[in-house]
Amino acid sequence: RYVLMNRYMAGIFGIEPGDALGRTTADLMSRYGAAKSDESDKRVLKLRKGLGFYEEEYKDAAGNMRQWLVNKLPLLDAEGEIERIVTVALDIGERKRGEQEMRKAKEAAETALRNLRETQASLIEAEKLAALGRLVAGVAHEVNNPVGISLTVASALERKTAMFTAEVERGELRRSTLNDFLNTSRDASSQLVSNLNRAAELIQSFKQVAADRNYSDQRTFDLGDLT
């Protein structure tokens with residue numbers, strides 16, 4: 001049962017800190033239909049030591065799923081018996097969302113490149129498209145630049161995230177490290193959006209070329225844009 005809770009965590013449960021005293025996590029969560037076991041606390045009592053940082057998630061009072069990096073440690077009395085358990089929880093929801101967006105961006109880049117190669121192979125096999133085959137190679141080269149940059153940035157951010165996670169798990173996280181990670185994530189996201197938008201524009205132009213070969217109707221077009 002809680003003997004102390006800070007205001008941030010009380011806000012997750014939608015209560016005032018004083019209202020948590022004497023109550024369990026299960027009590028607080030049952031008010032809004034969420035659930036969480038006390039298995040981690042039991043492990044602290046059994047092992048008589050901290051668990052080390054681990055990830056967990058559960059719903060807050062607003063019904064939103066929240067992600068945390070958590071550690072639980074025993075506090076001993078004068079006789080060396082466990083008197084309290086202190087829980088340290090770092091809100092990593094933004095980091096998790098960032099990782100998910102990065103994975104989506106990387107998958108989208110790989111899919112775009114794979115689709116482009118399939119389209120290129122199909123066009124080259126066409127009997128009357130030798131000239132267009134050279135165009136395809138040029139487009140592939142153009143698309144490879146933003147896609148390659150995006151993959152490089154995503155990989156670098158993945159390594160940066162792993163290093164950041166390791167520092168957090170070791171309990172060595174400093175404000176400067178956190179700020180550096182946030183700046184890196186912001187710059188990487190900006191580069192990914194820019195390069196993937198460029199790749200999408202090139203692929204869309206390429207699809208227009210592929211579609212036009214199926215029609216012989218006359219139409220009006222801007223020669224400057226075409227060339």
# chains A, B, ... in the order shown; residues from 1 in each chain; ligands from 1

call {"tool": "residues_around", "arguments": {"residues": "Arg31 of chain A", "least_positions_apart": "4", "cutoff": "9 Å", "atoms": "only C-alpha atoms", "output": "list in words"}}
result
Phe13, Ala26, Asp27 and Ala61 of chain A

call {"tool": "select_by_dssp", "arguments": {"residues": "segment 81-218 of chain A", "states": "helix (DSSP H, G or I)", "output": "PyMOL selection string"}}
result
chain A and resi 93-125+130-169+175-212

call {"tool": "atom_distance", "arguments": {"atom1": "atom CA of Asn144 of chain A", "atom2": "atom CA of Glu99 of chain A"}}
result
23.1 Å

call {"tool": "residues_around", "arguments": {"residues": "Phe53 of chain A", "least_positions_apart": "4", "cutoff": "7 Å", "atoms": "only C-alpha atoms", "output": "list of chain:residue names"}}
result
A:Leu69, A:Val70, A:Asn71, A:Glu169

call {"tool": "write_last_selection", "arguments": {"atoms": "C-alpha atoms", "output": "compact mmCIF listing (two decimals), in the first residue's frame"}}
result
# COMPACT_ATOMS: atom_id res chain seq x y z
CA LEU A 69 10.94 2.51 -17.76
CA VAL A 70 10.68 1.24 -14.18
CA ASN A 71 12.91 0.14 -11.32
CA GLU A 169 19.40 1.16 -17.42

call {"tool": "residues_around", "arguments": {"residues": "segment 35-40 of chain A", "least_positions_apart": "3", "cutoff": "8 Å", "atoms": "only C-alpha atoms", "output": "PyMOL selection string"}}
result
chain A and resi 25-26+29-30+43-44+58+72

call {"tool": "atom_distance", "arguments": {"atom1": "atom CA of Val88 of chain A", "atom2": "atom CA of Ala62 of chain A"}}
result
21.6 Å

call {"tool": "closest_atom_pairs", "arguments": {"of": "segment 168-218 of chain A", "to": "segment 101-112 of chain A", "cutoff": "10 Å", "atoms": "only C-alpha atoms", "output": "CSV"}}
result
residue,atom,partner,partner_atom,distance
A:Ser185,CA,A:Met102,CA,9.7
A:Ala188,CA,A:Met102,CA,9.1
A:Ser189,CA,A:Met102,CA,7.8
A:Leu192,CA,A:Ala105,CA,7.3
A:Val193,CA,A:Ala105,CA,8.3
A:Asn195,CA,A:Ala109,CA,9.5
A:Leu196,CA,A:Ala109,CA,6.9
A:Ala199,CA,A:Ala112,CA,8.0
A:Ala200,CA,A:Ala112,CA,7.9
A:Ile203,CA,A:Ala112,CA,7.7

call {"tool": "closest_residue", "arguments": {"among": "A:Val3, A:Ala78, A:Ala137, A:Met65", "to": "Arg97 of chain A", "atoms": "only C-alpha atoms"}}
result
A:Met65

call {"tool": "atom_distance", "arguments": {"atom1": "atom CA of Glu81 of chain A", "atom2": "atom CA of Ala20 of chain A"}}
result
24.2 Å

call {"tool": "closest_residue", "arguments": {"among": "A:Ala89, A:Leu113, A:Leu4, A:Leu173", "to": "Arg23 of chain A", "atoms": "only C-alpha atoms"}}
result
A:Leu4

call {"tool": "closest_residue", "arguments": {"among": "A:Tyr2, A:Arg7, A:Leu90, A:Asp41", "to": "Gly171 of chain A", "atoms": "only C-alpha atoms"}}
result
A:Leu90

call {"tool": "closest_residue", "arguments": {"among": "A:Thr119, A:Glu56, A:Glu79, A:Phe181", "to": "Glu167 of chain A", "atoms": "only C-alpha atoms"}}
result
A:Phe181

call {"tool": "residues_around", "arguments": {"residues": "segment 84-86 of chain A", "least_positions_apart": "4", "cutoff": "6 Å", "atoms": "only C-alpha atoms", "output": "list in words"}}
result
Lys72, Leu73, Pro74 and Leu75 of chain A

call {"tool": "closest_residue", "arguments": {"among": "A:Leu45, A:Ile92, A:Leu21, A:Val147", "to": "Trp68 of chain A", "atoms": "only C-alpha atoms"}}
result
A:Ile92
